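Enquirer: Please find run.txt (compact mmCIF, C-alpha atoms and all ligand atoms) on the next line:
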```txt
# COMPACT_ATOMS: atom_id res chain seq x y z
CA MET A 1 -0.88 20.22 -0.38
CA THR A 2 0.93 17.37 -2.04
CA TYR A 3 2.90 14.76 -0.18
CA LYS A 4 5.76 13.04 -1.88
CA PRO A 5 7.81 10.24 -0.31
CA ILE A 6 11.50 9.66 -1.01
CA ARG A 7 13.22 6.59 0.35
CA TYR A 8 16.89 6.74 1.29
CA HIS A 9 19.16 3.83 2.13
CA LEU A 10 20.74 4.18 5.59
CA TYR A 11 24.14 2.89 6.69
CA PRO A 12 24.15 3.02 10.51
CA ASN A 13 27.27 2.19 12.55
CA ASP A 14 27.07 -0.45 15.28
CA ALA A 15 25.97 1.90 18.06
CA GLN A 16 23.35 3.49 15.81
CA ARG A 17 22.13 0.08 14.71
CA ASP A 18 21.68 -0.83 18.35
CA MET A 19 19.63 2.32 18.99
CA LEU A 20 17.54 1.69 15.86
CA MET A 21 16.76 -1.82 17.09
CA ARG A 22 15.66 -0.39 20.43
CA HIS A 23 13.35 2.02 18.63
CA PHE A 24 11.79 -0.80 16.62
CA GLY A 25 11.32 -2.87 19.77
CA SER A 26 9.91 -0.12 21.97
CA THR A 27 7.51 1.30 19.38
CA ARG A 28 6.31 -2.21 18.57
CA TRP A 29 5.75 -2.84 22.27
CA VAL A 30 3.76 0.41 22.61
CA TYR A 31 1.66 -0.33 19.53
CA ASN A 32 0.80 -3.85 20.72
CA ARG A 33 0.07 -2.64 24.23
CA TYR A 34 -2.54 -0.16 23.04
CA ILE A 35 -4.15 -2.60 20.63
CA SER A 36 -4.70 -4.97 23.54
CA GLU A 37 -5.76 -2.05 25.73
CA ALA A 38 -8.33 -1.05 23.09
CA ASP A 39 -9.50 -4.68 22.97
CA ARG A 40 -9.91 -4.74 26.73
CA LEU A 41 -11.86 -1.47 26.76
CA TYR A 42 -14.11 -2.57 23.94
CA PHE A 43 -14.71 -6.25 24.64
CA GLU A 44 -14.72 -6.15 28.44
CA LEU A 45 -16.10 -2.73 29.23
CA GLY A 46 -17.90 -1.85 26.01
CA GLN A 47 -16.06 1.46 25.82
CA TYR A 48 -14.84 3.36 22.80
CA ILE A 49 -11.14 4.25 22.86
CA LYS A 50 -9.94 7.79 23.54
CA ARG A 51 -6.65 8.39 21.81
CA ASP A 52 -5.59 11.24 24.10
CA GLU A 53 -5.79 8.92 27.09
CA PHE A 54 -3.30 6.61 25.41
CA ILE A 55 -0.79 9.46 25.26
CA VAL A 56 -1.34 10.35 28.93
CA ASP A 57 -1.00 6.69 29.88
CA LEU A 58 2.22 6.42 27.88
CA ALA A 59 3.79 9.33 29.75
CA ARG A 60 2.82 7.69 33.04
CA LEU A 61 4.34 4.32 32.05
CA LYS A 62 7.63 5.95 31.25
CA LYS A 63 7.83 7.52 34.71
CA THR A 64 6.69 4.42 36.61
CA GLU A 65 6.73 0.81 35.43
CA PHE A 66 8.78 1.01 32.25
CA PRO A 67 11.62 3.55 32.58
CA TRP A 68 13.46 1.98 29.62
CA LEU A 69 10.91 3.68 27.38
CA ALA A 70 12.69 6.96 28.13
CA GLU A 71 15.74 5.76 26.19
CA VAL A 72 14.01 6.14 22.85
CA ASN A 73 12.53 9.16 21.08
CA SER A 74 9.28 10.01 22.89
CA GLN A 75 7.62 11.28 19.71
CA SER A 76 8.19 7.95 18.01
CA LEU A 77 6.48 6.22 20.92
CA GLN A 78 3.56 8.65 20.75
CA MET A 79 3.21 7.99 17.04
CA ALA A 80 3.04 4.25 17.77
CA ALA A 81 0.24 4.86 20.30
CA ARG A 82 -1.58 7.12 17.82
CA ASN A 83 -1.20 4.56 15.02
CA ALA A 84 -2.70 1.92 17.30
CA ALA A 85 -5.65 4.23 18.00
CA THR A 86 -6.10 4.96 14.29
CA ALA A 87 -5.95 1.27 13.37
CA TYR A 88 -8.57 0.55 16.01
CA GLU A 89 -10.82 3.39 14.88
CA ARG A 90 -10.72 2.06 11.33
CA PHE A 91 -11.74 -1.35 12.68
CA PHE A 92 -14.65 0.30 14.55
CA LYS A 93 -15.84 2.11 11.46
CA GLY A 94 -15.81 -1.11 9.47
CA LEU A 95 -13.05 0.17 7.18
CA ALA A 96 -10.52 -2.46 8.17
CA LYS A 97 -10.12 -5.77 9.87
CA HIS A 98 -9.11 -6.01 13.50
CA PRO A 99 -5.52 -4.69 13.65
CA ARG A 100 -2.86 -7.35 13.89
CA PHE A 101 -0.21 -7.29 16.56
CA LYS A 102 3.19 -6.34 15.26
CA SER A 103 5.75 -9.11 15.25
CA LYS A 104 9.50 -8.85 15.46
CA HIS A 105 9.72 -11.25 12.53
CA SER A 106 8.07 -8.96 9.98
CA LYS A 107 9.26 -5.66 8.55
CA GLN A 108 10.14 -3.23 11.34
CA SER A 109 9.32 0.45 11.34
CA PHE A 110 8.94 3.55 13.47
CA GLN A 111 8.16 7.16 12.73
CA CYS A 112 9.91 10.42 13.56
CA PRO A 113 7.38 13.22 13.18
CA GLN A 114 9.84 16.01 13.96
CA HIS A 115 13.48 17.09 14.36
CA VAL A 116 14.88 15.08 11.47
CA LYS A 117 17.51 16.76 9.30
CA VAL A 118 18.61 15.63 5.86
CA LEU A 119 22.14 16.89 5.18
CA PHE A 120 23.16 16.78 1.52
CA ASN A 121 26.80 16.77 0.57
CA GLU A 122 28.13 20.09 -0.76
CA SER A 123 29.90 18.26 -3.54
CA SER A 124 28.08 16.07 -6.03
CA SER A 125 28.55 13.02 -3.82
CA LYS A 126 25.40 10.98 -3.37
CA TYR A 127 26.31 10.23 0.21
CA GLY A 128 25.19 12.50 3.00
CA ARG A 129 23.74 12.18 6.46
CA ILE A 130 20.33 11.99 8.07
CA VAL A 131 20.11 13.22 11.64
CA LEU A 132 17.58 11.33 13.74
CA PRO A 133 16.60 12.25 17.32
CA LYS A 134 18.29 10.01 19.95
CA ILE A 135 20.11 8.10 17.21
CA GLY A 136 22.37 10.73 15.74
CA SER A 137 23.84 11.49 12.36
CA VAL A 138 23.49 8.37 10.19
CA LYS A 139 25.27 7.93 6.87
CA ALA A 140 22.78 7.78 4.00
CA LYS A 141 22.70 7.46 0.22
CA LEU A 142 20.83 10.62 -0.81
CA HIS A 143 20.18 9.85 -4.46
CA ARG A 144 17.56 12.59 -4.82
CA ARG A 145 17.76 16.13 -3.54
CA PHE A 146 14.98 18.45 -2.41
CA GLN A 147 14.96 22.12 -1.52
CA ASP A 148 11.74 23.99 -0.89
CA GLU A 149 9.66 21.12 0.42
CA ARG A 150 9.11 20.73 4.13
CA ILE A 151 9.70 17.39 5.84
CA LYS A 152 6.33 16.20 7.10
CA THR A 153 7.44 13.01 8.76
CA VAL A 154 10.13 10.36 8.45
CA THR A 155 9.61 6.60 8.71
CA ILE A 156 12.55 4.34 9.44
CA THR A 157 12.24 0.75 8.31
CA MET A 158 14.29 -2.38 8.46
CA GLU A 159 13.64 -4.90 5.72
CA PRO A 160 13.75 -8.63 6.49
CA SER A 161 17.08 -8.65 4.63
CA GLY A 162 18.50 -6.39 7.34
CA LYS A 163 18.74 -3.19 5.28
CA PHE A 164 17.70 0.11 6.82
CA TYR A 165 15.76 2.83 5.01
CA ALA A 166 14.44 6.29 5.83
CA SER A 167 11.27 7.30 3.98
CA VAL A 168 11.09 11.07 4.01
CA LEU A 169 7.59 12.41 3.37
CA LEU A 170 7.80 15.88 1.81
CA ASP A 171 5.05 18.48 1.78
CA ASP A 172 5.11 21.10 -0.98
CA GLY A 173 2.87 23.41 1.09
CA LYS A 174 0.68 24.37 -1.87
CA PRO A 175 -3.10 24.13 -1.50
CA ASN A 176 -4.87 21.51 -3.61
CA PRO A 177 -6.68 22.82 -6.69
CA GLN A 178 -10.48 22.63 -6.95
CA THR A 179 -11.85 19.30 -8.11
CA ASP A 180 -13.01 19.20 -11.70
CA VAL A 181 -16.57 18.51 -12.82
CA ILE A 182 -16.87 15.05 -14.31
CA THR A 183 -17.63 15.13 -18.03
CA LYS A 184 -17.86 12.39 -20.60
CA GLU A 185 -15.35 14.14 -22.85
CA ARG A 186 -12.65 13.98 -20.19
CA THR A 187 -13.27 10.62 -18.51
CA ALA A 188 -11.06 7.55 -18.97
CA GLY A 189 -11.55 3.98 -17.78
CA ILE A 190 -8.83 1.75 -16.34
CA ASP A 191 -9.13 -2.03 -16.20
CA ALA A 192 -6.68 -4.18 -14.30
CA GLY A 193 -6.26 -7.03 -16.75
CA ILE A 194 -4.94 -10.50 -16.20
CA LYS A 195 -2.41 -10.61 -19.03
CA LYS A 196 -1.54 -6.92 -19.01
CA ALA A 197 -0.96 -4.83 -15.94
CA LEU A 198 -3.41 -2.10 -16.98
CA VAL A 199 -5.64 -1.23 -19.90
CA VAL A 200 -6.61 2.42 -20.22
CA TYR A 201 -9.36 3.70 -22.48
CA TYR A 202 -9.06 7.43 -23.19
CA PRO A 203 -11.80 9.90 -24.19
CA ASP A 204 -10.26 10.19 -27.70
CA SER A 205 -11.17 6.48 -28.16
CA THR A 206 -7.61 5.24 -27.99
CA THR A 207 -6.57 2.31 -25.82
CA GLN A 208 -3.26 2.01 -24.06
CA TYR A 209 -1.82 -1.18 -22.58
CA PHE A 210 0.70 -1.18 -19.75
CA ALA A 211 2.46 -4.54 -19.43
CA ASN A 212 4.28 -5.72 -16.34
CA PRO A 213 7.94 -4.76 -16.47
CA HIS A 214 10.08 -7.62 -17.69
CA VAL A 215 12.38 -7.46 -14.67
CA LEU A 216 9.38 -8.03 -12.41
CA GLU A 217 8.44 -11.22 -14.25
CA LYS A 218 12.01 -12.44 -13.93
CA GLN A 219 12.15 -11.75 -10.21
CA LEU A 220 8.79 -13.46 -9.68
CA GLN A 221 10.19 -16.53 -11.41
CA ALA A 222 13.21 -16.34 -9.13
CA ILE A 223 10.89 -16.32 -6.10
CA GLN A 224 9.14 -19.46 -7.31
CA LYS A 225 12.45 -21.18 -7.85
CA LEU A 226 13.84 -20.20 -4.44
CA ASN A 227 10.64 -21.34 -2.77
CA LYS A 228 11.06 -24.73 -4.36
CA ILE A 229 14.66 -25.00 -3.20
CA LEU A 230 13.61 -23.90 0.25
CA SER A 231 11.03 -26.66 0.54
CA ARG A 232 13.77 -29.21 -0.20
CA LYS A 233 16.24 -27.72 2.28
CA HIS A 234 14.18 -28.67 5.30
CA VAL A 235 15.89 -31.23 7.45
CA VAL A 236 13.19 -33.38 8.99
CA SER A 237 13.96 -35.76 11.79
CA VAL A 238 11.60 -38.11 13.58
CA GLU A 239 11.72 -38.07 17.35
CA LYS A 240 9.64 -39.68 20.05
CA ASP A 241 7.88 -37.47 22.54
CA GLU A 242 7.30 -38.33 26.23
CA ASN A 243 4.30 -40.51 25.36
CA GLY A 244 6.37 -42.52 22.92
CA LYS A 245 4.56 -41.00 19.97
CA GLU A 246 6.59 -40.22 16.87
CA ARG A 247 6.75 -36.62 15.80
CA LYS A 248 8.34 -35.02 12.76
CA ILE A 249 10.57 -32.09 13.65
CA ARG A 250 11.73 -29.56 11.10
CA HIS A 251 15.16 -28.07 11.46
CA GLU A 252 16.44 -25.00 9.72
CA SER A 253 19.80 -25.98 8.33
CA ARG A 254 22.43 -23.41 7.42
CA GLY A 255 21.60 -23.94 3.75
CA TYR A 256 17.97 -23.22 4.57
CA GLN A 257 18.89 -19.97 6.32
CA ARG A 258 20.97 -18.90 3.31
CA VAL A 259 18.16 -19.51 0.83
CA LYS A 260 15.71 -17.77 3.15
CA HIS A 261 17.94 -14.70 3.19
CA ARG A 262 18.20 -14.71 -0.61
CA LEU A 263 14.44 -15.01 -0.83
CA ALA A 264 14.03 -11.99 1.44
CA LEU A 265 16.35 -10.01 -0.85
CA VAL A 266 14.35 -10.91 -3.96
CA HIS A 267 11.05 -10.05 -2.26
CA GLU A 268 12.51 -6.69 -1.35
CA LYS A 269 13.61 -6.14 -4.94
CA VAL A 270 10.14 -7.04 -6.22
CA ARG A 271 8.54 -4.56 -3.85
CA HIS A 272 10.87 -1.81 -5.03
CA ILE A 273 10.36 -2.58 -8.74
CA ARG A 274 6.59 -2.59 -8.26
CA GLN A 275 6.64 0.63 -6.35
CA ASP A 276 8.83 2.40 -8.92
CA TYR A 277 6.69 1.12 -11.77
CA ALA A 278 3.46 2.15 -10.02
CA HIS A 279 4.92 5.64 -9.54
CA GLN A 280 5.90 5.85 -13.22
CA ILE A 281 2.50 4.79 -14.55
CA THR A 282 0.45 6.90 -12.16
CA HIS A 283 2.62 9.93 -12.86
CA ARG A 284 1.86 9.58 -16.58
CA LEU A 285 -1.84 9.00 -16.00
CA ALA A 286 -2.20 11.91 -13.60
CA ASN A 287 -0.47 14.27 -16.04
CA GLU A 288 -2.50 13.12 -19.07
CA SER A 289 -4.01 16.39 -20.23
CA GLN A 290 -7.16 15.07 -21.93
CA VAL A 291 -8.33 13.31 -18.77
CA THR A 292 -9.71 14.86 -15.57
CA THR A 293 -11.51 11.76 -14.27
CA TYR A 294 -10.45 8.13 -14.09
CA VAL A 295 -12.75 5.25 -13.28
CA VAL A 296 -11.34 2.05 -11.81
CA GLU A 297 -12.93 -1.07 -10.45
CA ASP A 298 -13.47 -1.27 -6.74
CA LEU A 299 -11.14 -4.08 -5.79
CA ASN A 300 -12.76 -6.64 -3.60
CA LEU A 301 -9.83 -8.76 -2.60
CA LYS A 302 -11.83 -10.91 -0.21
CA GLY A 303 -14.13 -11.99 -3.02
CA MET A 304 -11.21 -12.55 -5.32
CA VAL A 305 -9.50 -15.05 -3.09
CA LYS A 306 -12.10 -17.50 -4.40
CA ASN A 307 -10.43 -17.17 -7.77
CA HIS A 308 -6.82 -17.84 -6.95
CA LYS A 309 -5.39 -17.20 -10.36
CA LEU A 310 -6.91 -13.77 -10.77
CA ALA A 311 -6.07 -12.87 -7.19
CA ARG A 312 -2.46 -13.78 -7.82
CA ALA A 313 -2.29 -11.86 -11.05
CA LEU A 314 -3.67 -8.77 -9.37
CA ALA A 315 -1.41 -9.17 -6.39
CA ASP A 316 1.54 -9.46 -8.75
CA VAL A 317 0.70 -6.16 -10.31
CA GLY A 318 0.30 -4.59 -6.91
CA ILE A 319 -2.79 -2.96 -8.21
CA GLY A 320 -4.15 -1.75 -4.89
CA GLN A 321 -0.94 0.14 -4.30
CA LEU A 322 -1.07 1.61 -7.77
CA TYR A 323 -4.62 2.89 -7.26
CA ASN A 324 -3.57 4.49 -3.99
CA PHE A 325 -0.72 6.31 -5.73
CA LEU A 326 -3.13 7.37 -8.47
CA ALA A 327 -5.65 8.63 -5.89
CA TYR A 328 -3.25 11.03 -4.23
CA LYS A 329 -1.65 12.23 -7.45
CA LEU A 330 -5.06 12.99 -8.97
CA GLU A 331 -6.22 14.71 -5.83
CA ALA A 332 -3.18 16.96 -5.90
CA ARG A 333 -4.09 18.01 -9.44
CA GLY A 334 -7.79 18.56 -8.75
CA LYS A 335 -8.74 15.49 -10.77
CA ASN A 336 -11.19 12.73 -9.84
CA LEU A 337 -10.85 9.04 -9.17
CA ILE A 338 -14.08 7.06 -9.16
CA TYR A 339 -14.40 3.53 -7.92
CA ALA A 340 -17.03 1.64 -9.88
CA ASP A 341 -19.37 -0.45 -7.77
CA ARG A 342 -18.09 -4.02 -7.80
CA PHE A 343 -21.47 -5.21 -9.06
CA PHE A 344 -21.04 -3.13 -12.20
CA PRO A 345 -20.66 -5.81 -14.93
CA SER A 346 -17.66 -4.16 -16.59
CA SER A 347 -16.50 -7.32 -18.40
CA LYS A 348 -19.87 -8.80 -19.31
CA ARG A 349 -21.43 -5.60 -20.59
CA CYS A 350 -21.17 -4.73 -24.28
CA SER A 351 -19.76 -1.23 -24.36
CA ALA A 352 -21.45 -0.59 -27.73
CA CYS A 353 -25.09 -1.52 -27.00
CA GLY A 354 -25.20 -2.08 -23.25
CA ARG A 355 -26.38 -5.70 -23.42
CA ILE A 356 -25.08 -7.98 -20.68
CA HIS A 357 -23.41 -11.15 -21.92
CA GLN A 358 -24.06 -13.49 -18.96
CA GLY A 359 -22.21 -16.49 -20.37
CA LEU A 360 -18.81 -14.78 -20.42
CA THR A 361 -16.13 -16.64 -18.45
CA LEU A 362 -12.63 -15.62 -17.38
CA LYS A 363 -11.18 -17.67 -20.20
CA ASP A 364 -12.98 -15.72 -22.93
CA ARG A 365 -10.44 -13.18 -24.11
CA GLU A 366 -12.42 -12.11 -27.15
CA TRP A 367 -16.12 -12.21 -27.83
CA THR A 368 -18.75 -10.85 -30.20
CA CYS A 369 -21.99 -9.30 -28.99
CA ILE A 370 -25.29 -10.05 -30.77
CA CYS A 371 -25.23 -6.43 -31.87
CA GLY A 372 -22.24 -7.44 -34.00
CA GLN A 373 -19.57 -5.62 -32.00
CA GLN A 374 -16.33 -7.53 -31.47
CA HIS A 375 -14.64 -7.12 -28.11
CA GLU A 376 -11.24 -7.67 -26.59
CA ARG A 377 -12.16 -8.46 -23.02
CA ASP A 378 -9.94 -6.01 -21.09
CA GLU A 379 -10.42 -3.16 -23.53
CA ASN A 380 -14.20 -3.58 -23.40
CA ALA A 381 -14.02 -3.47 -19.60
CA ALA A 382 -11.99 -0.25 -19.72
CA ILE A 383 -14.51 1.34 -22.10
CA ASN A 384 -17.38 0.31 -19.81
CA LEU A 385 -15.60 1.81 -16.83
CA ALA A 386 -15.17 5.10 -18.70
CA GLN A 387 -18.96 5.07 -19.21
CA TYR A 388 -19.71 4.13 -15.62
CA PRO A 389 -20.34 7.56 -14.02
CA PHE A 390 -22.90 8.35 -16.71
CA TRP A 391 -24.38 4.86 -16.67
CA GLU A 392 -25.06 5.15 -12.96
CA GLU A 393 -26.50 8.64 -13.35
CA ASN A 394 -28.74 7.42 -16.18
CA ARG A 395 -30.17 4.68 -14.07
CA ARG A 396 -30.79 6.95 -11.11
CA GLU A 397 -32.43 9.77 -12.99
CA GLY A 398 -34.01 7.84 -15.85
CA ARG A 399 -32.24 10.02 -18.41
CA ASP A 400 -30.58 8.75 -21.54
CA ASP A 401 -27.38 10.57 -22.13
CA PRO A 402 -26.31 13.23 -19.68
CA LYS A 403 -23.27 15.21 -20.79
CA SER A 404 -21.87 15.70 -17.37
CA VAL A 405 -22.22 14.69 -13.76
CA LYS A 406 -22.12 17.57 -11.32
CA SER A 407 -21.54 15.87 -8.01
CA SER A 408 -18.02 14.80 -7.29
CA PRO A 409 -18.11 11.16 -6.19
CA ARG A 410 -15.96 10.64 -3.18
CA VAL A 411 -12.56 9.08 -3.38
CA LYS A 412 -13.14 5.82 -1.58
CA ASP A 413 -10.59 4.07 0.52
CA VAL A 414 -9.13 1.06 -1.24
CA GLY A 415 -6.46 0.94 1.40
CA ALA A 416 -8.26 -2.00 2.93
CA SER A 417 -6.20 -4.24 0.70
CA ALA A 418 -3.27 -5.59 2.58
CA LEU A 419 -1.00 -5.41 -0.41
CA ALA A 420 -1.61 -1.72 -0.81
CA LYS A 421 -0.65 -1.12 2.75
CA GLU A 422 2.38 -3.31 2.57
CA VAL A 423 4.48 -0.83 0.68
CA LEU A 424 2.80 2.52 0.97
CA GLN A 425 4.07 4.40 3.96
CA ALA A 426 1.69 4.58 6.86
CA GLU A 427 1.63 8.35 6.81
CA VAL A 428 0.78 8.54 3.12
CA LEU A 429 -2.13 6.27 3.80
CA GLY A 430 -2.99 8.45 6.76
CA SER A 431 -3.20 11.53 4.61
CA LEU A 432 -5.21 9.65 1.98
CA GLU A 433 -7.65 8.39 4.51
CA ALA A 434 -7.98 11.81 6.00
CA SER A 435 -8.86 13.18 2.59
CA ALA A 436 -11.26 10.31 1.96
CA PHE A 437 -13.10 11.19 5.14
CA ARG A 438 -13.15 14.85 4.23
CA GLN A 439 -14.67 14.18 0.85
CA GLY A 440 -17.00 11.43 2.05
ZN ZN B 501 -23.61 -5.15 -28.14
```
Kindly present the structure from the file in structure tokens form.

Expert:
Amino acid sequence: MTYKPIRYHLYPNDAQRDMLMRHFGSTRWVYNRYISEADRLYFELGQYIKRDEFIVDLARLKKTEFPWLAEVNSQSLQMAARNAATAYERFFKGLAKHPRFKSKHSKQSFQCPQHVKVLFNESSSKYGRIVLPKIGSVKAKLHRRFQDERIKTVTITMEPSGKFYASVLLDDGKPNPQTDVITKERTAGIDAGIKKALVVYYPDSTTQYFANPHVLEKQLQAIQKLNKILSRKHVVSVEKDENGKERKIRHESRGYQRVKHRLALVHEKVRHIRQDYAHQITHRLANESQVTTYVVEDLNLKGMVKNHKLARALADVGIGQLYNFLAYKLEARGKNLIYADRFFPSSKRCSACGRIHQGLTLKDREWTCICGQQHERDENAAINLAQYPFWEENRREGRDDPKSVKSSPRVKDVGASALAKEVLQAEVLGSLEASAFRQG
């Protein structure tokens, strides 16, 4: 089955806003409680968590110590407990870092797994209503319609700017097609470049460059500018503490608050532009008829932090998010996504003769191999990636040039990158991870 998220802008009235805030608060409280509970079980008692016990415990809390929990949708609370268990299990399996506690200062969200209705307007009006359990019928801008798809789950979020959104995850109910065999004739390589967003090398030997959208560049410049203004807007006063020592105290002036709010708006815009662009590109790639397998580099963001510039460039492109989108779109079409081992020298290898050019640095955009082949750095990397499945097979089996690889390499979880998680809805990730476990 294929899951497709649509995000709708919500316009709650005051009473609904109040109920939404209670849902954010209560689900956050539940999530944090079970993360610390899992910590206690693990670090103090050496026990592995049992997610069903969390649910039983939650029901007990509602009846005894914390009756206010009954005021919000019980399924949303259960989802929060389940998400805490999932986050902890991923930590156990070494797939993720220790889950962070949710803070009321970051983006707020809760899930409604059932009983949500999306009511489109009979006329062509874009405005309709979304009915949420315990909250009621909320006005919404329904810019896209759907008919046959089933609502899998709905995630309500509040951005730092104060806007509310409902992300409706739709399930088309169709089974996924069989995964294709990986052949050289139908394999493409994708390199995440520094200058360009993506470089794709297709089996017909053509190269395609996807640049960052211009609007994104502009907004990123706006962020830099606002950050600079913000750093000047701090009012710093010097006060003496009880020991007579001087301390600098930062105050948030009204001007500071205003700039901060504008900054939040721009960040939100950037996230949306990135997400839309990632959907556009991955849609095109997934539908490309000559390709049934894509190879990308396994992003190792931890290692990349050492190289700030590259890390920034990649973060700007939101590449982890893009690969996640690509993974689920390919899976839905029975196509493959392969993550090349991060020790595969995709940039330093000559795609023509296979020699490794050790002296290559990040600055070298173009280079010539001793075999005479001239290379553009990112294109060469994309070509190498397209050769990767066969390169690996060659090395393992000592063969020269296999035409196809039979085994389907598993779709590995790149979701470990924080920036991928940032925007992708938790439940989309959930379904991706589930499929990664199935295949792995
Ligand atoms: Zn060469």

Enquirer: Around ligand ZN 501 (chain B), at most 12 Å away and counting all atoms listed in the file, which residues are there? Put them as a ChimeraX atom specification, please.

Expert: /A:348-357,367-375,380,384

Enquirer: For the residues in that selection, give me C-alpha atoms as a CSV table (one decimal), in the frame of the given file.

Expert:
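Here's the written file result.csv:
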```csv
chain,number,residue,atom,x,y,z
A,348,LYS,CA,-19.9,-8.8,-19.3
A,349,ARG,CA,-21.4,-5.6,-20.6
A,350,CYS,CA,-21.2,-4.7,-24.3
A,351,SER,CA,-19.8,-1.2,-24.4
A,352,ALA,CA,-21.4,-0.6,-27.7
A,353,CYS,CA,-25.1,-1.5,-27.0
A,354,GLY,CA,-25.2,-2.1,-23.2
A,355,ARG,CA,-26.4,-5.7,-23.4
A,356,ILE,CA,-25.1,-8.0,-20.7
A,357,HIS,CA,-23.4,-11.2,-21.9
A,367,TRP,CA,-16.1,-12.2,-27.8
A,368,THR,CA,-18.8,-10.8,-30.2
A,369,CYS,CA,-22.0,-9.3,-29.0
A,370,ILE,CA,-25.3,-10.0,-30.8
A,371,CYS,CA,-25.2,-6.4,-31.9
A,372,GLY,CA,-22.2,-7.4,-34.0
A,373,GLN,CA,-19.6,-5.6,-32.0
A,374,GLN,CA,-16.3,-7.5,-31.5
A,375,HIS,CA,-14.6,-7.1,-28.1
A,380,ASN,CA,-14.2,-3.6,-23.4
A,384,ASN,CA,-17.4,0.3,-19.8
```

Enquirer: So how many Å separate atom CA of Ile319 of chain A and atom CA of Ala197 of chain A, to one decimal?

Expert: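 For atom CA of Ile319 of chain A relative to atom CA of Ala197 of chain A, the distance reads 8.2 Å.
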
Enquirer: Using all atoms listed in the file, find the one residue out of A:Ile273, A:Val296, A:Met79, A:Leu169 that sits nearest to Asn336 of chain A.

Expert: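 Among the listed residues, A:Val296 lies closest to Asn336 of chain A.
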
Enquirer: Compute the distance from (-0.7, 1.9, -21.2) to each atom, counting all atoms listed in the file, keep the residues with any atom at most 8 Å away, and return them as an NGL selection string; use the coordinates of the file.

Expert: :A and (198-200 or 207-211 or 281)

Enquirer: So which one's closest to Tyr3 of chain A, A:Arg284, A:Arg129, A:Lys152, A:Arg365? Using all atoms listed in the file, please.

Expert: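 For Tyr3 of chain A, the nearest of the candidates is A:Lys152.
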
Enquirer: Point out the residue among A:Glu288, A:Asp191, A:Asp52, A:Glu246 with the least atom-to-atom distance to Tyr34 of chain A, counting all atoms listed in the file.

Expert: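 So, comparing all the options, the nearest one is A:Asp52.
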
Enquirer: Just the number, please: distance in Å from atom CA of Ile383 of chain A to atom CA of Tyr328 of chain A, one decimal.

Expert: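 Atom CA of Tyr328 of chain A lies 23.2 Å from atom CA of Ile383 of chain A.
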
Enquirer: Go through A:Tyr323, A:His279, A:Gly46, A:Leu20 one by one, measure the shortest atom-to-atom distance of each to Ala192 of chain A using all atoms listed in the file, and give the residue with the smallest value.

Expert: A:Tyr323
